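Written out below as structure tokens is the structure these notes cover.
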Amino acid sequence: MDVFKIQGGNSLCGTVAVSGSKNAALPMMAAALLTDGKTILNNVPDLVDVRTLSSLLTSLGCEISRHGSGSLSLEVVDESHSEADYELVRKMRASVCVMGPLLARRGHARVSLPGGCNIGHRPIDIHLRGFAALGAQVDIHQGDIIVQATQLRGAEIDLAGPNGSTVTGTCNLLTAAVLAQGKSRLTSAAMEPEVVALADLLNEMGAKITGQGTPTLEVEGVSKLTPTTQAVIPDRIEAATLMIASALTRGQLTIQNVNPQHLSAVTAVLQEMGVSIYESGLSQLEIACERELAPVNITALPYPGIPTDIQAQLTALLCTLPGRSVIRDQVFPDRFMHCAELNRMNAKIRQQGDRAFITGVAQLQGAHVMASDLRASAALVLAALAARDETVIHRIYHLDRGYEALETKLNFLGANVTRCREEDVQRRTPIERPDLRRSA
Ligand SMILES: CC(=O)N[C@H]1[C@@H](OP(=O)(O)OP(=O)(O)OC[C@H]2O[C@@H](n3ccc(=O)[nH]c3=O)[C@H](O)[C@@H]2O)O[C@H](CO)[C@@H](O)[C@@H]1O
Ligand SMILES: C=C(OP(=O)(O)O)C(=O)O
């Protein structure tokens with residue numbers, strides 16, 4: 001297993017470009033199953049999750065090849081298999097995104113129920129309720145979900161859950177409803193830019209979807225979709241992570257290939273802390289720290305609120321601001337595994353329920369810490385960049401799921417991050433102790 005060794009203390013300065021969005025690319029890749037020609041997606045990040053989904057789609061009869069930097073070609077050559085294997089699904093929850101397209105196009109899908117996860121309870125009951133409303137028979141057999149229908153029929157589907165809407169659920173039902181007979185109306189739908197990106201791709205393929213970006217999506221079913229070429233939107237979570245890295249190291253960054261509109265909640269909260277953020281050009285942000293930063297209270301909410309996928313990274317930043325702050329996660333109320341690890345780095349966080357109560361410290365201290373999930377890993381990397389001495393982050397395979405070439409980008413900006421094998425890392429620095437026998 002790989003670990004990161006990070007020598008903290010350098011301010012990040014320079015220009016960096018954000019990669020394509022993981023969470024937009026995954027459902028867009030799955031949508032290729034809806035056509036029988038070649039779908040070309042550009043700006044696809046080279047990530048473990050993208051490779052895992054590619055393996056899954058290959059097992060479902062897709063031929064996939066990567067060309068140049070970021071162009072992925074996907075073509076269905078065999079529609080006889082509709083079963084997603086547990087070995088692939090367990091590696092990545094977003095595998096459930098194949099269910100909608102398989103059901104709509106092949107009339108049948110068998111997908112292992114995704115298991116537990118370190119960010120909390122993640123049921124897919126709303127997805128299944130939606131498939132049933134579209135006329136599918138839904139069964140659970142030996143840990144697999146089986147959905148089948150000879151012809152889906154348009155329906156009214158309410159996607160509201162206890163913590164807001166569901167992003168992957170909206171994608172799954174959208175990709176099923178596009179080929180259903182008649183009209184569907186999806187209410188309390190997710191408004192995330194990644195859902196809009198999927199709807200735009202489907203419309204390019206010939207679907208009739210309106211209302212994307214609002215809580216109500218109207219879908220007029222069509223009998224066939226044709227393949228197309230589309231670029232994946234910039235990764236707003238990677239962009240926000242870099243913005244926070246700039247603030248944490250009191251650096252100065254130009255971040256390219258961003259959609260500032262997708263980042264407005266993050267920009268607003270960083271500005272409230274005192275970070276200077278300027279738009280320079282259509283897809284570029286300048287981040288600088290020109291004054292002392294102050295703590296704020298934050299709640300992670302569905303879009304257009306502050307994303308839960310940025311909650312851990314914001315927590316790392318708040319740990320270094322003098323005074324008290326509270327951060328709450330209303331999307332995944334148990335997503336606080338990073339707090340105990342940050343505390344090992346001298347942070348002062350007390351977690352209770354869906355909130356973390358933070359008292360800023362003057363300086364974080366390097367330590368051996370364990371990544372528990374993707375964004376928790378990012379938070380530990382950010383904390384390590386600002387910490388005194390060396391931090392060793394174990395289990396960074398979580399990070400590789402969702403950040404393209406993060407250490408290369410950070411090192412280019414002045415960080416000191418080394419990837420090495422777990423067995424090559426010395427566990428502890430020996431503490432020098434006085435020789436008591438000699439002084440006696
Ligand atoms: C691949 C991808 O795009 N992942 C993102 C997606 O995950 P994902 O789509 O899995 O997250 P959801 O939007 O579905 O989950 C939001 C909330 O709804 C609940 N829920 C969800 C589905 C369901 O059937 N029943 C139910 O109760 C969940 O437990 C959670 O509390 O959106 C999350 C919320 O923005 C992000 O953190 C993830 O990065
Ligand atoms: C939680 C995330 O991804 P996933 O839904 O694939 O686990 C994430 O991107 O932060």
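Labeling convention for the structure tokens: chains A, B, ... as they appear, residues from 1 per chain, ligands from 1 in order of appearance.
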
Could you tell me, counting only C-alpha atoms and all ligand atoms, which protein and nucleic acid residues lie no more than 9 Å from ligand 2, written as a compact mmCIF listing (two decimals) with N, CA and C atoms, in the first residue's frame?
# COMPACT_ATOMS: atom_id res chain seq x y z
N LYS A 22 -14.98 13.83 -11.35
CA LYS A 22 -15.25 12.39 -11.14
C LYS A 22 -16.74 12.13 -11.08
N ASN A 23 -17.44 12.93 -10.26
CA ASN A 23 -18.86 12.62 -10.03
C ASN A 23 -19.75 12.94 -11.23
N LEU A 26 -18.69 9.72 -13.99
CA LEU A 26 -19.15 8.33 -13.75
C LEU A 26 -20.56 8.07 -14.32
N ASP A 49 -11.48 5.34 -9.74
CA ASP A 49 -12.93 5.14 -9.90
C ASP A 49 -13.31 5.04 -11.38
N MET A 92 -16.74 0.48 -5.47
CA MET A 92 -17.20 1.84 -5.79
C MET A 92 -18.73 1.90 -5.81
N ARG A 93 -19.26 2.70 -4.92
CA ARG A 93 -20.72 2.83 -4.83
C ARG A 93 -21.37 3.30 -6.12
N ALA A 94 -20.65 4.19 -6.84
CA ALA A 94 -21.26 4.78 -8.04
C ALA A 94 -21.54 3.73 -9.11
N SER A 95 -21.09 2.48 -8.89
CA SER A 95 -21.43 1.40 -9.83
C SER A 95 -22.94 1.25 -9.98
N CYS A 117 -20.25 2.06 4.26
CA CYS A 117 -19.30 3.05 3.77
C CYS A 117 -18.86 3.92 4.94
N ASN A 118 -17.65 4.43 4.86
CA ASN A 118 -17.10 5.20 5.97
C ASN A 118 -17.69 6.59 6.12
N ILE A 119 -18.55 7.01 5.19
CA ILE A 119 -19.13 8.34 5.39
C ILE A 119 -20.55 8.26 5.95
N THR A 168 -27.06 10.40 -7.01
CA THR A 168 -26.97 9.22 -7.87
C THR A 168 -28.35 8.67 -8.18
N ILE A 237 -15.15 19.89 -6.73
CA ILE A 237 -14.63 19.47 -5.42
C ILE A 237 -13.10 19.57 -5.41
N THR A 308 -21.09 18.55 0.94
CA THR A 308 -20.57 17.64 1.98
C THR A 308 -19.19 17.13 1.59
N ASP A 309 -18.90 17.07 0.29
CA ASP A 309 -17.59 16.57 -0.16
C ASP A 309 -16.46 17.56 0.13
N ILE A 310 -16.80 18.71 0.72
CA ILE A 310 -15.79 19.72 1.08
C ILE A 310 -15.75 19.94 2.59
N ASP A 373 -11.53 7.72 4.08
CA ASP A 373 -12.33 7.83 2.86
C ASP A 373 -11.72 8.93 2.00
N LEU A 374 -12.32 9.12 0.84
CA LEU A 374 -11.72 10.03 -0.14
C LEU A 374 -11.50 11.46 0.38
N ARG A 375 -12.55 12.09 0.85
CA ARG A 375 -12.41 13.50 1.24
C ARG A 375 -11.70 13.64 2.59
N ALA A 376 -11.81 12.62 3.46
CA ALA A 376 -11.04 12.64 4.70
C ALA A 376 -9.55 12.63 4.35
N ARG A 401 -8.80 7.31 -5.63
CA ARG A 401 -10.13 7.11 -6.23
C ARG A 401 -10.61 8.38 -6.92
N GLY A 402 -10.24 9.55 -6.36
CA GLY A 402 -10.96 10.74 -6.79
C GLY A 402 -10.15 11.99 -7.10

Using the chain letters and numbers from this document, which residues of range 141-327 of chain A does DSSP assign to alpha helix (DSSP H), as a PDB file with N, CA and C atoms, in the first residue's frame?
ATOM      1  N   VAL A 167     -28.362  12.362  -5.302  1.00  0.00           N
ATOM      2  CA  VAL A 167     -27.669  12.718  -6.540  1.00  0.00           C
ATOM      3  C   VAL A 167     -27.629  11.509  -7.484  1.00  0.00           C
ATOM      4  N   THR A 168     -27.061  10.404  -7.012  1.00  0.00           N
ATOM      5  CA  THR A 168     -26.968   9.217  -7.868  1.00  0.00           C
ATOM      6  C   THR A 168     -28.350   8.667  -8.181  1.00  0.00           C
ATOM      7  N   GLY A 169     -29.271   8.811  -7.227  1.00  0.00           N
ATOM      8  CA  GLY A 169     -30.642   8.348  -7.465  1.00  0.00           C
ATOM      9  C   GLY A 169     -31.281   9.136  -8.598  1.00  0.00           C
ATOM     10  N   THR A 170     -31.071  10.461  -8.602  1.00  0.00           N
ATOM     11  CA  THR A 170     -31.633  11.277  -9.690  1.00  0.00           C
ATOM     12  C   THR A 170     -31.032  10.837 -11.026  1.00  0.00           C
ATOM     13  N   CYS A 171     -29.717  10.578 -11.033  1.00  0.00           N
ATOM     14  CA  CYS A 171     -29.049  10.152 -12.281  1.00  0.00           C
ATOM     15  C   CYS A 171     -29.615   8.809 -12.749  1.00  0.00           C
ATOM     16  N   ASN A 172     -29.756   7.882 -11.800  1.00  0.00           N
ATOM     17  CA  ASN A 172     -30.240   6.546 -12.135  1.00  0.00           C
ATOM     18  C   ASN A 172     -31.640   6.592 -12.744  1.00  0.00           C
ATOM     19  N   LEU A 173     -32.512   7.407 -12.131  1.00  0.00           N
ATOM     20  CA  LEU A 173     -33.909   7.444 -12.597  1.00  0.00           C
ATOM     21  C   LEU A 173     -34.043   8.233 -13.894  1.00  0.00           C
ATOM     22  N   LEU A 174     -33.189   9.223 -14.041  1.00  0.00           N
ATOM     23  CA  LEU A 174     -33.189   9.986 -15.291  1.00  0.00           C
ATOM     24  C   LEU A 174     -32.806   9.066 -16.455  1.00  0.00           C
ATOM     25  N   THR A 175     -31.771   8.244 -16.234  1.00  0.00           N
ATOM     26  CA  THR A 175     -31.301   7.372 -17.325  1.00  0.00           C
ATOM     27  C   THR A 175     -32.290   6.246 -17.598  1.00  0.00           C
ATOM     28  N   ALA A 176     -33.193   5.977 -16.655  1.00  0.00           N
ATOM     29  CA  ALA A 176     -34.240   4.984 -16.930  1.00  0.00           C
ATOM     30  C   ALA A 176     -35.421   5.672 -17.622  1.00  0.00           C
ATOM     31  N   ALA A 177     -35.793   6.854 -17.130  1.00  0.00           N
ATOM     32  CA  ALA A 177     -36.996   7.533 -17.645  1.00  0.00           C
ATOM     33  C   ALA A 177     -36.845   7.992 -19.096  1.00  0.00           C
ATOM     34  N   PRO A 193     -24.588  20.252 -10.172  1.00  0.00           N
ATOM     35  CA  PRO A 193     -24.100  20.442 -11.547  1.00  0.00           C
ATOM     36  C   PRO A 193     -23.826  19.111 -12.262  1.00  0.00           C
ATOM     37  N   GLU A 194     -23.508  18.055 -11.501  1.00  0.00           N
ATOM     38  CA  GLU A 194     -23.206  16.763 -12.122  1.00  0.00           C
ATOM     39  C   GLU A 194     -24.480  16.151 -12.713  1.00  0.00           C
ATOM     40  N   VAL A 195     -25.638  16.447 -12.092  1.00  0.00           N
ATOM     41  CA  VAL A 195     -26.921  15.975 -12.630  1.00  0.00           C
ATOM     42  C   VAL A 195     -27.244  16.747 -13.906  1.00  0.00           C
ATOM     43  N   VAL A 196     -26.980  18.060 -13.867  1.00  0.00           N
ATOM     44  CA  VAL A 196     -27.219  18.893 -15.060  1.00  0.00           C
ATOM     45  C   VAL A 196     -26.343  18.392 -16.206  1.00  0.00           C
ATOM     46  N   ALA A 197     -25.088  18.057 -15.888  1.00  0.00           N
ATOM     47  CA  ALA A 197     -24.157  17.580 -16.929  1.00  0.00           C
ATOM     48  C   ALA A 197     -24.685  16.289 -17.557  1.00  0.00           C
ATOM     49  N   LEU A 198     -25.246  15.411 -16.731  1.00  0.00           N
ATOM     50  CA  LEU A 198     -25.792  14.155 -17.271  1.00  0.00           C
ATOM     51  C   LEU A 198     -27.010  14.449 -18.155  1.00  0.00           C
ATOM     52  N   ALA A 199     -27.902  15.325 -17.669  1.00  0.00           N
ATOM     53  CA  ALA A 199     -29.105  15.648 -18.454  1.00  0.00           C
ATOM     54  C   ALA A 199     -28.706  16.271 -19.791  1.00  0.00           C
ATOM     55  N   ASP A 200     -27.683  17.126 -19.772  1.00  0.00           N
ATOM     56  CA  ASP A 200     -27.223  17.754 -21.022  1.00  0.00           C
ATOM     57  C   ASP A 200     -26.698  16.695 -21.989  1.00  0.00           C
ATOM     58  N   LEU A 201     -25.947  15.725 -21.466  1.00  0.00           N
ATOM     59  CA  LEU A 201     -25.428  14.649 -22.328  1.00  0.00           C
ATOM     60  C   LEU A 201     -26.591  13.852 -22.927  1.00  0.00           C
ATOM     61  N   LEU A 202     -27.566  13.499 -22.065  1.00  0.00           N
ATOM     62  CA  LEU A 202     -28.704  12.706 -22.547  1.00  0.00           C
ATOM     63  C   LEU A 202     -29.479  13.479 -23.619  1.00  0.00           C
ATOM     64  N   ASN A 203     -29.665  14.773 -23.405  1.00  0.00           N
ATOM     65  CA  ASN A 203     -30.364  15.578 -24.423  1.00  0.00           C
ATOM     66  C   ASN A 203     -29.585  15.616 -25.736  1.00  0.00           C
ATOM     67  N   GLU A 204     -28.245  15.682 -25.629  1.00  0.00           N
ATOM     68  CA  GLU A 204     -27.408  15.626 -26.841  1.00  0.00           C
ATOM     69  C   GLU A 204     -27.609  14.296 -27.568  1.00  0.00           C
ATOM     70  N   ARG A 236     -15.606  20.486  -9.350  1.00  0.00           N
ATOM     71  CA  ARG A 236     -15.753  21.597  -8.384  1.00  0.00           C
ATOM     72  C   ARG A 236     -15.196  21.195  -7.017  1.00  0.00           C
ATOM     73  N   ILE A 237     -15.154  19.893  -6.732  1.00  0.00           N
ATOM     74  CA  ILE A 237     -14.631  19.473  -5.422  1.00  0.00           C
ATOM     75  C   ILE A 237     -13.104  19.574  -5.414  1.00  0.00           C
ATOM     76  N   GLU A 238     -12.472  19.194  -6.531  1.00  0.00           N
ATOM     77  CA  GLU A 238     -11.013  19.373  -6.608  1.00  0.00           C
ATOM     78  C   GLU A 238     -10.682  20.869  -6.542  1.00  0.00           C
ATOM     79  N   ALA A 239     -11.450  21.683  -7.272  1.00  0.00           N
ATOM     80  CA  ALA A 239     -11.194  23.129  -7.264  1.00  0.00           C
ATOM     81  C   ALA A 239     -11.296  23.677  -5.844  1.00  0.00           C
ATOM     82  N   ALA A 240     -12.351  23.280  -5.132  1.00  0.00           N
ATOM     83  CA  ALA A 240     -12.546  23.774  -3.760  1.00  0.00           C
ATOM     84  C   ALA A 240     -11.417  23.281  -2.854  1.00  0.00           C
ATOM     85  N   THR A 241     -10.968  22.053  -3.067  1.00  0.00           N
ATOM     86  CA  THR A 241      -9.860  21.515  -2.260  1.00  0.00           C
ATOM     87  C   THR A 241      -8.607  22.370  -2.463  1.00  0.00           C
ATOM     88  N   LEU A 242      -8.346  22.759  -3.715  1.00  0.00           N
ATOM     89  CA  LEU A 242      -7.165  23.598  -3.993  1.00  0.00           C
ATOM     90  C   LEU A 242      -7.336  25.000  -3.409  1.00  0.00           C
ATOM     91  N   MET A 243      -8.574  25.519  -3.448  1.00  0.00           N
ATOM     92  CA  MET A 243      -8.812  26.844  -2.852  1.00  0.00           C
ATOM     93  C   MET A 243      -8.498  26.799  -1.355  1.00  0.00           C
ATOM     94  N   ILE A 244      -8.911  25.711  -0.719  1.00  0.00           N
ATOM     95  CA  ILE A 244      -8.679  25.585   0.725  1.00  0.00           C
ATOM     96  C   ILE A 244      -7.183  25.383   0.997  1.00  0.00           C
ATOM     97  N   ALA A 245      -6.502  24.635   0.097  1.00  0.00           N
ATOM     98  CA  ALA A 245      -5.051  24.435   0.259  1.00  0.00           C
ATOM     99  C   ALA A 245      -4.338  25.787   0.219  1.00  0.00           C
ATOM    100  N   SER A 246      -4.796  26.650  -0.668  1.00  0.00           N
ATOM    101  CA  SER A 246      -4.193  27.974  -0.779  1.00  0.00           C
ATOM    102  C   SER A 246      -4.388  28.751   0.529  1.00  0.00           C
ATOM    103  N   ALA A 247      -5.615  28.705   1.060  1.00  0.00           N
ATOM    104  CA  ALA A 247      -5.912  29.440   2.293  1.00  0.00           C
ATOM    105  C   ALA A 247      -5.133  28.855   3.477  1.00  0.00           C
ATOM    106  N   LEU A 248      -5.091  27.525   3.563  1.00  0.00           N
ATOM    107  CA  LEU A 248      -4.433  26.869   4.708  1.00  0.00           C
ATOM    108  C   LEU A 248      -2.944  27.161   4.760  1.00  0.00           C
ATOM    109  N   SER A 264     -19.884  28.868  -5.949  1.00  0.00           N
ATOM    110  CA  SER A 264     -20.238  30.124  -5.273  1.00  0.00           C
ATOM    111  C   SER A 264     -20.424  29.961  -3.760  1.00  0.00           C
ATOM    112  N   ALA A 265     -20.952  28.833  -3.282  1.00  0.00           N
ATOM    113  CA  ALA A 265     -21.130  28.673  -1.831  1.00  0.00           C
ATOM    114  C   ALA A 265     -19.771  28.555  -1.138  1.00  0.00           C
ATOM    115  N   VAL A 266     -18.847  27.833  -1.767  1.00  0.00           N
ATOM    116  CA  VAL A 266     -17.508  27.673  -1.171  1.00  0.00           C
ATOM    117  C   VAL A 266     -16.780  29.019  -1.192  1.00  0.00           C
ATOM    118  N   THR A 267     -16.897  29.729  -2.305  1.00  0.00           N
ATOM    119  CA  THR A 267     -16.260  31.048  -2.410  1.00  0.00           C
ATOM    120  C   THR A 267     -16.799  31.970  -1.309  1.00  0.00           C
ATOM    121  N   ALA A 268     -18.127  31.949  -1.130  1.00  0.00           N
ATOM    122  CA  ALA A 268     -18.737  32.857  -0.138  1.00  0.00           C
ATOM    123  C   ALA A 268     -18.230  32.552   1.270  1.00  0.00           C
ATOM    124  N   VAL A 269     -18.105  31.277   1.618  1.00  0.00           N
ATOM    125  CA  VAL A 269     -17.704  30.961   2.995  1.00  0.00           C
ATOM    126  C   VAL A 269     -16.217  31.262   3.198  1.00  0.00           C
ATOM    127  N   LEU A 270     -15.400  31.051   2.157  1.00  0.00           N
ATOM    128  CA  LEU A 270     -13.975  31.379   2.303  1.00  0.00           C
ATOM    129  C   LEU A 270     -13.805  32.897   2.407  1.00  0.00           C
ATOM    130  N   GLN A 271     -14.620  33.628   1.650  1.00  0.00           N
ATOM    131  CA  GLN A 271     -14.539  35.105   1.738  1.00  0.00           C
ATOM    132  C   GLN A 271     -14.975  35.572   3.127  1.00  0.00           C
ATOM    133  N   GLU A 272     -15.988  34.888   3.675  1.00  0.00           N
ATOM    134  CA  GLU A 272     -16.432  35.247   5.038  1.00  0.00           C
ATOM    135  C   GLU A 272     -15.290  35.048   6.035  1.00  0.00           C
ATOM    136  N   MET A 273     -14.445  34.050   5.795  1.00  0.00           N
ATOM    137  CA  MET A 273     -13.288  33.827   6.686  1.00  0.00           C
ATOM    138  C   MET A 273     -12.213  34.888   6.492  1.00  0.00           C
ATOM    139  N   GLN A 311     -16.692  19.265   3.284  1.00  0.00           N
ATOM    140  CA  GLN A 311     -16.798  19.468   4.734  1.00  0.00           C
ATOM    141  C   GLN A 311     -15.486  19.125   5.451  1.00  0.00           C
ATOM    142  N   ALA A 312     -14.869  17.996   5.110  1.00  0.00           N
ATOM    143  CA  ALA A 312     -13.639  17.567   5.813  1.00  0.00           C
ATOM    144  C   ALA A 312     -12.496  18.557   5.554  1.00  0.00           C
ATOM    145  N   GLN A 313     -12.383  19.029   4.298  1.00  0.00           N
ATOM    146  CA  GLN A 313     -11.288  19.951   3.962  1.00  0.00           C
ATOM    147  C   GLN A 313     -11.496  21.289   4.682  1.00  0.00           C
ATOM    148  N   LEU A 314     -12.768  21.737   4.776  1.00  0.00           N
ATOM    149  CA  LEU A 314     -13.039  22.986   5.508  1.00  0.00           C
ATOM    150  C   LEU A 314     -12.738  22.804   6.991  1.00  0.00           C
ATOM    151  N   THR A 315     -13.020  21.612   7.504  1.00  0.00           N
ATOM    152  CA  THR A 315     -12.713  21.337   8.913  1.00  0.00           C
ATOM    153  C   THR A 315     -11.208  21.514   9.150  1.00  0.00           C
ATOM    154  N   ALA A 316     -10.392  20.977   8.230  1.00  0.00           N
ATOM    155  CA  ALA A 316      -8.929  21.112   8.386  1.00  0.00           C
ATOM    156  C   ALA A 316      -8.535  22.591   8.430  1.00  0.00           C
ATOM    157  N   LEU A 317      -9.151  23.390   7.581  1.00  0.00           N
ATOM    158  CA  LEU A 317      -8.817  24.827   7.568  1.00  0.00           C
ATOM    159  C   LEU A 317      -9.242  25.493   8.883  1.00  0.00           C
ATOM    160  N   LEU A 318     -10.476  25.186   9.334  1.00  0.00           N
ATOM    161  CA  LEU A 318     -10.978  25.826  10.560  1.00  0.00           C
ATOM    162  C   LEU A 318     -10.107  25.486  11.769  1.00  0.00           C
TER     163      LEU A 318
END

How would you write, as a short mmCIF file (atom, residue, chain, number, x, y, z; two decimals) with N, CA and C atoms, in the first residue's frame, the set of residues in range 120-311 of chain A that DSSP gives as strand (DSSP E or B)?
data_model
loop_
_atom_site.label_atom_id
_atom_site.label_comp_id
_atom_site.auth_asym_id
_atom_site.auth_seq_id
_atom_site.Cartn_x
_atom_site.Cartn_y
_atom_site.Cartn_z
N GLN A 137 -40.15 -4.43 -11.93
CA GLN A 137 -40.26 -5.33 -10.78
C GLN A 137 -38.91 -5.27 -10.07
N VAL A 138 -38.94 -5.04 -8.78
CA VAL A 138 -37.69 -4.90 -8.02
C VAL A 138 -37.62 -5.99 -6.97
N ASP A 139 -36.56 -6.78 -7.01
CA ASP A 139 -36.38 -7.85 -6.01
C ASP A 139 -34.97 -7.79 -5.46
N ILE A 140 -34.83 -8.28 -4.23
CA ILE A 140 -33.48 -8.41 -3.68
C ILE A 140 -33.24 -9.89 -3.44
N HIS A 141 -32.17 -10.41 -4.02
CA HIS A 141 -31.90 -11.85 -3.94
C HIS A 141 -30.41 -12.05 -3.65
N ASP A 144 -28.16 -9.15 -3.99
CA ASP A 144 -28.19 -8.43 -5.28
C ASP A 144 -29.57 -7.80 -5.48
N ILE A 145 -29.58 -6.66 -6.18
CA ILE A 145 -30.86 -6.07 -6.56
C ILE A 145 -31.13 -6.55 -7.97
N ILE A 146 -32.35 -7.00 -8.18
CA ILE A 146 -32.73 -7.41 -9.54
C ILE A 146 -33.89 -6.52 -9.97
N VAL A 147 -33.69 -5.79 -11.05
CA VAL A 147 -34.79 -4.96 -11.57
C VAL A 147 -35.08 -5.42 -12.99
N GLN A 148 -36.37 -5.54 -13.31
CA GLN A 148 -36.71 -5.94 -14.67
C GLN A 148 -38.04 -5.34 -15.12
N ARG A 153 -42.72 2.64 -18.04
CA ARG A 153 -43.76 3.64 -18.33
C ARG A 153 -43.47 4.91 -17.52
N GLU A 156 -44.76 9.71 -12.08
CA GLU A 156 -44.43 10.80 -11.13
C GLU A 156 -43.55 10.17 -10.07
N ILE A 157 -42.37 10.72 -9.86
CA ILE A 157 -41.47 10.14 -8.85
C ILE A 157 -40.99 11.25 -7.93
N ASP A 158 -41.19 11.05 -6.62
CA ASP A 158 -40.68 12.03 -5.67
C ASP A 158 -39.37 11.50 -5.09
N GLY A 161 -35.60 12.52 0.26
CA GLY A 161 -35.17 11.58 1.30
C GLY A 161 -35.03 12.30 2.61
N GLY A 164 -32.53 15.34 2.23
CA GLY A 164 -32.58 16.06 0.95
C GLY A 164 -32.78 15.07 -0.17
N GLN A 181 -41.93 4.80 -21.83
CA GLN A 181 -43.03 5.23 -22.70
C GLN A 181 -43.81 6.34 -21.99
N LYS A 183 -44.55 10.37 -20.36
CA LYS A 183 -43.88 11.45 -19.61
C LYS A 183 -43.56 11.02 -18.18
N SER A 184 -42.42 11.49 -17.69
CA SER A 184 -42.11 11.32 -16.26
C SER A 184 -41.88 12.68 -15.66
N ARG A 185 -42.18 12.76 -14.39
CA ARG A 185 -41.94 14.01 -13.65
C ARG A 185 -41.20 13.63 -12.38
N LEU A 186 -39.96 14.10 -12.26
CA LEU A 186 -39.15 13.80 -11.08
C LEU A 186 -39.16 15.04 -10.18
N THR A 187 -39.77 14.92 -9.00
CA THR A 187 -39.79 16.07 -8.08
C THR A 187 -38.78 15.86 -6.96
N LYS A 208 -35.41 13.95 -24.15
CA LYS A 208 -36.17 15.20 -24.00
C LYS A 208 -36.36 15.48 -22.52
N ILE A 209 -35.37 16.15 -21.97
CA ILE A 209 -35.40 16.46 -20.52
C ILE A 209 -35.44 17.97 -20.38
N THR A 210 -36.31 18.45 -19.50
CA THR A 210 -36.28 19.88 -19.17
C THR A 210 -36.25 20.03 -17.64
N LEU A 217 -37.75 17.79 -12.68
CA LEU A 217 -37.29 17.39 -14.01
C LEU A 217 -38.45 16.77 -14.77
N GLU A 218 -38.68 17.23 -16.00
CA GLU A 218 -39.72 16.64 -16.84
C GLU A 218 -39.01 15.85 -17.93
N VAL A 219 -39.45 14.64 -18.15
CA VAL A 219 -38.82 13.78 -19.16
C VAL A 219 -39.90 13.24 -20.08
N GLU A 220 -39.73 13.52 -21.36
CA GLU A 220 -40.64 12.94 -22.36
C GLU A 220 -39.88 11.75 -22.95
N THR A 229 -20.68 13.23 -28.62
CA THR A 229 -19.40 13.61 -28.00
C THR A 229 -19.66 14.75 -27.02
N GLN A 230 -19.14 14.65 -25.83
CA GLN A 230 -19.40 15.69 -24.81
C GLN A 230 -18.20 15.80 -23.87
N ALA A 231 -17.94 17.02 -23.38
CA ALA A 231 -16.84 17.19 -22.41
C ALA A 231 -17.39 17.14 -20.99
N PRO A 234 -15.65 20.71 -15.21
CA PRO A 234 -14.53 20.73 -14.25
C PRO A 234 -14.96 20.22 -12.87
N GLN A 252 -0.81 31.71 -2.57
CA GLN A 252 -1.44 32.53 -3.61
C GLN A 252 -1.54 31.68 -4.88
N LEU A 253 -2.78 31.30 -5.23
CA LEU A 253 -2.95 30.39 -6.37
C LEU A 253 -3.82 30.99 -7.46
N THR A 254 -3.50 30.63 -8.70
CA THR A 254 -4.41 30.86 -9.81
C THR A 254 -4.94 29.48 -10.18
N ILE A 255 -6.25 29.31 -10.08
CA ILE A 255 -6.84 27.99 -10.35
C ILE A 255 -7.61 28.06 -11.66
N GLN A 256 -7.14 27.26 -12.63
CA GLN A 256 -7.73 27.31 -13.97
C GLN A 256 -8.69 26.14 -14.19
N SER A 276 -9.17 36.19 0.11
CA SER A 276 -9.47 37.02 -1.06
C SER A 276 -9.62 36.12 -2.28
N ILE A 277 -10.75 36.26 -2.98
CA ILE A 277 -10.99 35.42 -4.17
C ILE A 277 -11.48 36.33 -5.29
N TYR A 278 -10.81 36.25 -6.43
CA TYR A 278 -11.20 37.06 -7.57
C TYR A 278 -11.40 36.16 -8.77
N GLU A 279 -12.42 36.47 -9.56
CA GLU A 279 -12.59 35.78 -10.85
C GLU A 279 -11.73 36.52 -11.85
N GLN A 284 -11.42 30.99 -14.38
CA GLN A 284 -10.20 31.08 -13.58
C GLN A 284 -10.46 31.86 -12.28
N LEU A 285 -9.89 31.35 -11.19
CA LEU A 285 -10.02 32.06 -9.91
C LEU A 285 -8.64 32.35 -9.35
N GLU A 286 -8.51 33.51 -8.70
CA GLU A 286 -7.27 33.87 -8.01
C GLU A 286 -7.57 33.83 -6.52
N ILE A 287 -6.73 33.12 -5.78
CA ILE A 287 -6.94 32.99 -4.33
C ILE A 287 -5.73 33.57 -3.61
N ALA A 288 -5.97 34.42 -2.62
CA ALA A 288 -4.84 34.96 -1.86
C ALA A 288 -5.28 35.20 -0.42
N ILE A 298 -20.41 26.66 9.71
CA ILE A 298 -20.71 26.16 8.36
C ILE A 298 -21.66 24.97 8.45
N THR A 299 -22.60 24.90 7.48
CA THR A 299 -23.44 23.71 7.36
C THR A 299 -23.34 23.17 5.93
N ALA A 300 -22.99 21.90 5.80
CA ALA A 300 -22.96 21.27 4.47
C ALA A 300 -24.37 20.85 4.10
N ILE A 306 -23.13 24.44 0.60
CA ILE A 306 -21.73 23.98 0.68
C ILE A 306 -21.72 22.45 0.59
#

Might you pull out every residue within 10 Å of Gly366 in chain A, with only C-alpha atoms counted and same-chain residues fewer than 6 positions away left off, and present them as a PyMOL selection string?
chain A and resi 5-8+342+344-346+383-393

Nearest-residue call for Arg122 in chain A, choices A:Leu293, A:Val331, A:Ile358, A:Leu380, using only C-alpha atoms
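With only C-alpha atoms as the atom set, the closest residue is A:Val331.
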
Find the residue from A:Leu134, A:Leu413, A:Cys339, A:Ala24 that sits nearest to ligand 1; use only C-alpha atoms and all ligand atoms when measuring.
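Looking only at the distances to ligand 1, the closest residue turns out to be A:Ala24.
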